[in-house]
Amino acid sequence: ASDGNTWIGTKYHGLFANKGSGFKQSKHPSLQNCVISSLCEDANKQIWISTIDQGIACIKGDEVVWVNEQDGLNSNVIYILQADQHGNV
């Protein structure tokens with residue numbers, strides 16, 4: 001990612017980031033028990049997370065914002081996210 005971190009999403013163990021000093025688990029509890037399927041960075045340097053069971057999450061500073069079926073997604077099963085040439089996810 002542009003912040004220098006290497007991000008890894010896991011199955012039921014959350015999100016990990018490494019900025020050269022070893023991997024550290026994300027402090028966001030809502031990411032702990034989901035199956036992360038892909039990660040993507042947008043033009044605003046926000047990390048977007050797709051999951052197989054809970055929809056899509058976006059890390060905005062210290063907050064995680066979720067979008068799921070209750071918000072209008074057809075399904076909470078999202079396999080991959082990708083940014084376009086302008087950085088829109």
# chains A, B, ... in the order shown; residues from 1 in each chain; ligands from 1
>>> select_by_dssp(residues="chain A", states="helix (DSSP H, G or I)", output="list in words")
Pro29, Ser30, Leu31, Glu69, Gln70 and Asp71 of chain A
>>> write_last_selection(atoms="C-alpha atoms", output="mmCIF file, in the first residue's frame")
data_model
loop_
_atom_site.group_PDB
_atom_site.id
_atom_site.type_symbol
_atom_site.label_atom_id
_atom_site.label_comp_id
_atom_site.auth_asym_id
_atom_site.auth_seq_id
_atom_site.Cartn_x
_atom_site.Cartn_y
_atom_site.Cartn_z
ATOM 1 C CA PRO A 29 -12.569 -5.961 16.341
ATOM 2 C CA SER A 30 -15.160 -6.079 13.534
ATOM 3 C CA LEU A 31 -12.503 -7.603 11.237
ATOM 4 C CA GLU A 69 -26.939 -6.512 2.373
ATOM 5 C CA GLN A 70 -28.689 -4.196 4.845
ATOM 6 C CA ASP A 71 -27.184 -1.266 2.916
#
>>> residues_around(residues="Trp66 (chain A)", least_positions_apart="4", cutoff="12 Å", atoms="only C-alpha atoms", output="JSON, numbers by chain")
{"A": [28, 30, 31, 48, 49, 50, 51, 54, 55, 56, 57, 58, 59, 60, 70, 71, 72, 73, 76]}
>>> closest_atom_pairs(of="region 34-59 of chain A", to="region 16-20 of chain A", cutoff="12 Å", atoms="only C-alpha atoms", output="JSON lines")
{"residue": "A:Ile36", "atom": "CA", "partner": "A:Phe16", "partner_atom": "CA", "distance": 11.0}
{"residue": "A:Leu39", "atom": "CA", "partner": "A:Phe16", "partner_atom": "CA", "distance": 11.3}
{"residue": "A:Ile47", "atom": "CA", "partner": "A:Ala17", "partner_atom": "CA", "distance": 11.3}
>>> select_by_dssp(residues="region 4-85 of chain A", states="strand (DSSP E or B)", output="ChimeraX atom specification")
/A:6-9,11,15-18,23-25,35-41,47-51,56-60,63-67
>>> write_last_selection(atoms="C-alpha atoms", output="PDB file, in the first residue's frame")
ATOM      1  CA  THR A   6       2.118  -4.896   3.416  1.00  0.00           C
ATOM      2  CA  TRP A   7      -1.435  -5.993   4.230  1.00  0.00           C
ATOM      3  CA  ILE A   8      -2.638  -9.574   4.649  1.00  0.00           C
ATOM      4  CA  GLY A   9      -6.244 -10.615   5.146  1.00  0.00           C
ATOM      5  CA  LYS A  11      -9.772 -16.449   7.366  1.00  0.00           C
ATOM      6  CA  LEU A  15      -6.213  -8.215   9.109  1.00  0.00           C
ATOM      7  CA  PHE A  16      -2.458  -7.894   9.537  1.00  0.00           C
ATOM      8  CA  ALA A  17      -0.086  -5.134   8.446  1.00  0.00           C
ATOM      9  CA  ASN A  18       3.711  -5.055   8.222  1.00  0.00           C
ATOM     10  CA  PHE A  23       3.217  -8.293  11.099  1.00  0.00           C
ATOM     11  CA  LYS A  24       0.795  -6.819  13.610  1.00  0.00           C
ATOM     12  CA  GLN A  25      -2.880  -7.634  13.839  1.00  0.00           C
ATOM     13  CA  VAL A  35     -13.232 -14.333   5.966  1.00  0.00           C
ATOM     14  CA  ILE A  36     -11.231 -11.701   4.070  1.00  0.00           C
ATOM     15  CA  SER A  37     -11.119 -12.436   0.346  1.00  0.00           C
ATOM     16  CA  SER A  38      -9.359  -9.363  -1.094  1.00  0.00           C
ATOM     17  CA  LEU A  39      -7.833  -5.998  -0.263  1.00  0.00           C
ATOM     18  CA  CYS A  40      -7.744  -2.875  -2.396  1.00  0.00           C
ATOM     19  CA  GLU A  41      -6.494   0.686  -1.925  1.00  0.00           C
ATOM     20  CA  ILE A  47      -8.017   0.243   2.385  1.00  0.00           C
ATOM     21  CA  TRP A  48     -11.118  -1.616   1.185  1.00  0.00           C
ATOM     22  CA  ILE A  49     -11.730  -5.197   2.317  1.00  0.00           C
ATOM     23  CA  SER A  50     -14.021  -7.745   0.693  1.00  0.00           C
ATOM     24  CA  THR A  51     -15.288 -10.662   2.722  1.00  0.00           C
ATOM     25  CA  ILE A  56     -17.335  -4.885   2.278  1.00  0.00           C
ATOM     26  CA  ALA A  57     -15.376  -2.873   4.842  1.00  0.00           C
ATOM     27  CA  CYS A  58     -13.385   0.315   4.416  1.00  0.00           C
ATOM     28  CA  ILE A  59     -10.734   1.506   6.858  1.00  0.00           C
ATOM     29  CA  LYS A  60     -11.145   5.263   7.247  1.00  0.00           C
ATOM     30  CA  GLU A  63     -12.761   3.622  11.928  1.00  0.00           C
ATOM     31  CA  VAL A  64     -14.058   0.664   9.918  1.00  0.00           C
ATOM     32  CA  VAL A  65     -17.166   1.384   7.845  1.00  0.00           C
ATOM     33  CA  TRP A  66     -19.168  -1.614   6.626  1.00  0.00           C
ATOM     34  CA  VAL A  67     -21.427  -1.978   3.580  1.00  0.00           C
TER      35      VAL A  67
END
>>> atom_distance(atom1="CA of Gln32 (chain A)", atom2="CA of Ile52 (chain A)")
13.3 Å
>>> atom_distance(atom1="CA of Ser21 (chain A)", atom2="CA of Asp3 (chain A)")
14.0 Å
>>> atom_distance(atom1="CA of Ser26 (chain A)", atom2="CA of Gln85 (chain A)")
28.1 Å
